[in-house]
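Down below is the structure, laid out as structure tokens.
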Amino acid sequence: MKPFLRKQVRLFHTYSAFTVGVVLISMAITGSILAFRSQLEPLVYPKLLTVEQTGPRLSYDLLVSKALSAHPSSQLDYIRYFSDPNLPFLVRFTNKDFIHINPYTGEVLGIRNRYGHFFGWIEGFHRFLMLDPKIGEPLIGYVSIFLFIISITGIIIVWPATRNALVATLKINRKLGQRPLYLNVHRTIGLYASVVLLLISITGAPQALEWVKHSLFLATSSHVETIPKGLHTSSTTFIGMNALASSVDKLVAKPSAVLIHFPDSGIAEAFAIASDAPHPNARSYIWFNSTNGSIVKYIPYAKDAMGRKLALWALSIHTGQFGGIGFQLVLFSGALSILILAFSGIRSYLLRKSR
């Protein structure tokens with residue numbers, strides 16, 4: 001690359017990092033905590049998130065009535081249950097409050113808002129900086145795109161012209177002076193971390209920006225399915241969660257997780273994760289007639305559009321739900337590298353300016 005062009009790329013890399021650096025640092029700190037959420041949360045909230053199997057599960061409609069008794073002033077949103085016998089039954093209300101219920105005894109274990117506890121607050125800050133989601137989510141999405149650009153320009157700047165120079169770049173030389181050492185750390189850590197940071201940015205953007213998610217459909221020439229919006233019916237009778245859950249079980253083989261919404265305009269939307277699903281967000285979607293339980297539309301994961309499959313894969317990868325503890329450590333190292341790169345980059349810049 002010509003020296004003039006390299007200089008322009010370096011300037012763009014530097015000032016882009018300074019522009020979104022504070023948000024990137026906050027995303028790195030919160031992301032490093034969320035990387036191990038599945039292991040940490042049950043330890044922090046054992047009474048809410050673990051139950052002991054003491055017999056058969058109670059009726060889902062009965063469990064919903066228990067939730068309503070505990071939270072009578074709010075509107076029901078959905079239920080969620082799991083095949084794991086040690087997980088609670090969840091009822092969510094439209095204000096994002098969750099009622100945790102022991103599915104074997106009907107005991108209300110507790111109430112918590114999705115973003116109103118420690119890990120919920122961390123998730124909210126990571127996703128939308130605890131701002132109005134209509135403002136915060138797009139902001140985080142565009143910062144993810146900036147992270148992608150910063151990573152690419154960093155690779156361009158650092159990538160050496162020869163193999164020997166590449167080998168030297170991949171090592172931290174502790175014998176260097178103060179500024180050269182910080183610069184060496186920045187370049188070396190950046191080169192190692194670039195693959196993870198690119199993965200984090202690519203999988204994060206579709207979660208926050210609808211146009212990025214839609215671009216996955218365009219890139220794969222996927223057909224966007226028409227989602228049922230409502231039925232023209234005068235009946236407001238709801239067939240009940242037991243009937244809908246039974247239908248889900250017939251459609252999806254041994255589901256490991258099921259979410260069923262309460263009716264809206266005669267439609268009850270649901271999704272289920274099969275026990276043999278390729279990843280924890282491989283969702284099969286079902287829309288029911290909430291009056292008689294008939295199936296309005298069913299999209300099994302295997303036959304879903306490639307664009308939606310990519311978006312769901314991105315969700316599982318970005319949240320560390322795929323690949324076990326090893327991949328969680330990879331995500332944690334990526335988040336930690338942002339903090340190291342921020343410190344070494346700022347320190348190197350300030351030392352150069354003070355000369």
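Naming works like this for the structure tokens: A, B, ... for the chains as they're shown, residue 1 at the start of each chain, ligands 1 onward in shown order.
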Strand (DSSP E or B) residues, from DSSP on the backbone, in segment 90-252 of chain A, as number ranges by chain = A: 90-93, 97-101, 108-113
Any chance you can output those residues with C-alpha atoms as a PDB file, in the first residue's frame?
ATOM      1  CA  LEU A  90     -41.814 -18.732  33.219  1.00  0.00           C
ATOM      2  CA  VAL A  91     -44.706 -16.364  32.646  1.00  0.00           C
ATOM      3  CA  ARG A  92     -43.856 -12.972  31.167  1.00  0.00           C
ATOM      4  CA  PHE A  93     -46.029  -9.863  31.263  1.00  0.00           C
ATOM      5  CA  ASP A  97     -41.783  -8.789  34.426  1.00  0.00           C
ATOM      6  CA  PHE A  98     -41.163 -12.540  34.678  1.00  0.00           C
ATOM      7  CA  ILE A  99     -42.913 -14.770  37.196  1.00  0.00           C
ATOM      8  CA  HIS A 100     -40.797 -17.830  38.022  1.00  0.00           C
ATOM      9  CA  ILE A 101     -42.932 -20.796  39.076  1.00  0.00           C
ATOM     10  CA  VAL A 108     -44.236 -18.733  42.888  1.00  0.00           C
ATOM     11  CA  LEU A 109     -40.459 -18.559  43.235  1.00  0.00           C
ATOM     12  CA  GLY A 110     -40.165 -14.847  42.576  1.00  0.00           C
ATOM     13  CA  ILE A 111     -40.701 -11.916  40.243  1.00  0.00           C
ATOM     14  CA  ARG A 112     -38.010 -10.090  38.314  1.00  0.00           C
ATOM     15  CA  ASN A 113     -37.956  -7.731  35.382  1.00  0.00           C
TER      16      ASN A 113
END
Could you list, with a cut-off of 9 Å and counting only C-alpha atoms, the residues of segment 164-273 of chain A near segment 134-153 of chain A, each shown with its nearest atom pair and the distance in Å rounded to one decimal, rows sorted by chain and ascending number, as CSV?
residue,atom,partner,partner_atom,distance
A:Gly190,CA,A:Ser151,CA,7.9
A:Leu191,CA,A:Ser151,CA,8.7
A:Ala193,CA,A:Ser151,CA,8.8
A:Ser194,CA,A:Ser151,CA,5.8
A:Val195,CA,A:Ser151,CA,8.4
A:Leu197,CA,A:Ser151,CA,6.9
A:Leu198,CA,A:Phe148,CA,5.5
A:Leu199,CA,A:Phe148,CA,8.5
A:Ile200,CA,A:Ser144,CA,8.0
A:Ser201,CA,A:Ser144,CA,4.8
A:Ile202,CA,A:Phe148,CA,7.1
A:Thr203,CA,A:Ser144,CA,8.9
A:Gly204,CA,A:Ser144,CA,6.4
A:Ala205,CA,A:Gly141,CA,4.8
A:Pro206,CA,A:Gly141,CA,7.6
A:Gln207,CA,A:Gly141,CA,7.6
A:Ala208,CA,A:Gly141,CA,4.9
A:Leu209,CA,A:Gly141,CA,5.7
A:Glu210,CA,A:Pro138,CA,8.8
Any idea what the distance is between atom CA of Met27 of chain A and atom CA of Thr169 of chain A?
->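 Those two atoms sit 27.2 Å apart.
Nearest residue to Ala28 of chain A, choosing from A:Ile122, A:Leu259, A:Leu231, A:Ala161 and counting only C-alpha atoms: A:Ile122.
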Tell me, as a ChimeraX atom specification, which residues lie within 10 Å of segment 238-246 of chain A, counting only C-alpha atoms; anything in the same chain fewer than 6 positions away does not count.
-> /A:59-64,78-79,81,258-263,266-270,272,286-295
Name all residues at most 6 Å from segment 304-319 of chain A (count only C-alpha atoms; drop same-chain ones fewer than 4 positions away) and give them as a ChimeraX atom specification.
-> /A:203,216-217,222,281
Which of segment 131-241 of chain A counts as helix (DSSP H, G or I) under DSSP, as a PyMOL selection string please?
-> chain A and resi 133-158+163-169+178-208+210-219+241
Pick out the residues sitting within 9 Å of Ser26 of chain A, and hand them over as number ranges by chain; count only C-alpha atoms, and ignore anything fewer than 3 positions along from it in its own chain.
-> A: 21-23, 29-31, 125-126, 129
Find the distance between atom CA of Arg347 of chain A and atom CA of Ala335 of chain A and write it in Å to one decimal.
->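 About the pair atom CA of Arg347 of chain A and atom CA of Ala335 of chain A: they are 18.9 Å apart.
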Between atom CA of Ser284 of chain A and atom CA of Glu225 of chain A, what is the distance, to one decimal in Å?
->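 Result for atom CA of Ser284 of chain A versus atom CA of Glu225 of chain A: 13.1 Å, one decimal.
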Write out as a list of chain:residue names which residues come within 9 Å of His186 of chain A when counting only C-alpha atoms, dropping same-chain ones fewer than 6 positions away.
->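 So the residues in contact are A:Ile340, A:Leu341, A:Ala342, A:Phe343, A:Ser344, A:Gly345, A:Ser348.
In terms of minimum interatomic distance to Phe119 of chain A, A:Ser32 ranks closest within A:Ser32, A:Gln321, A:Ser354, A:Ser265, counting only C-alpha atoms.
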Nearest to Asp264 of chain A by atom-to-atom distance, counting only C-alpha atoms, from A:Arg352, A:Gln53, A:Asp77, A:Asn184 = A:Asp77
Do you know which residues are at most 10 Å from Asp276 of chain A counting only C-alpha atoms, after dropping those on the same chain fewer than 2 positions away, and could you put them as a PyMOL selection string?
-> chain A and resi 253-256+273-274+278-280+282
Store the residues of this selection in a file with C-alpha atoms, as a PDB file, in the first residue's frame.
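Here's the written file out-v9.pdb:
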ATOM      1  CA  ALA A 253     -39.949 -33.611  18.235  1.00  0.00           C
ATOM      2  CA  LYS A 254     -39.149 -33.483  21.938  1.00  0.00           C
ATOM      3  CA  PRO A 255     -38.706 -29.699  22.169  1.00  0.00           C
ATOM      4  CA  SER A 256     -36.023 -28.542  24.598  1.00  0.00           C
ATOM      5  CA  ILE A 273     -36.400 -25.605  19.780  1.00  0.00           C
ATOM      6  CA  ALA A 274     -36.099 -29.295  18.917  1.00  0.00           C
ATOM      7  CA  PRO A 278     -28.081 -27.517  15.549  1.00  0.00           C
ATOM      8  CA  HIS A 279     -27.920 -24.580  17.967  1.00  0.00           C
ATOM      9  CA  PRO A 280     -29.991 -23.173  20.868  1.00  0.00           C
ATOM     10  CA  ALA A 282     -32.832 -22.942  15.843  1.00  0.00           C
TER      11      ALA A 282
END
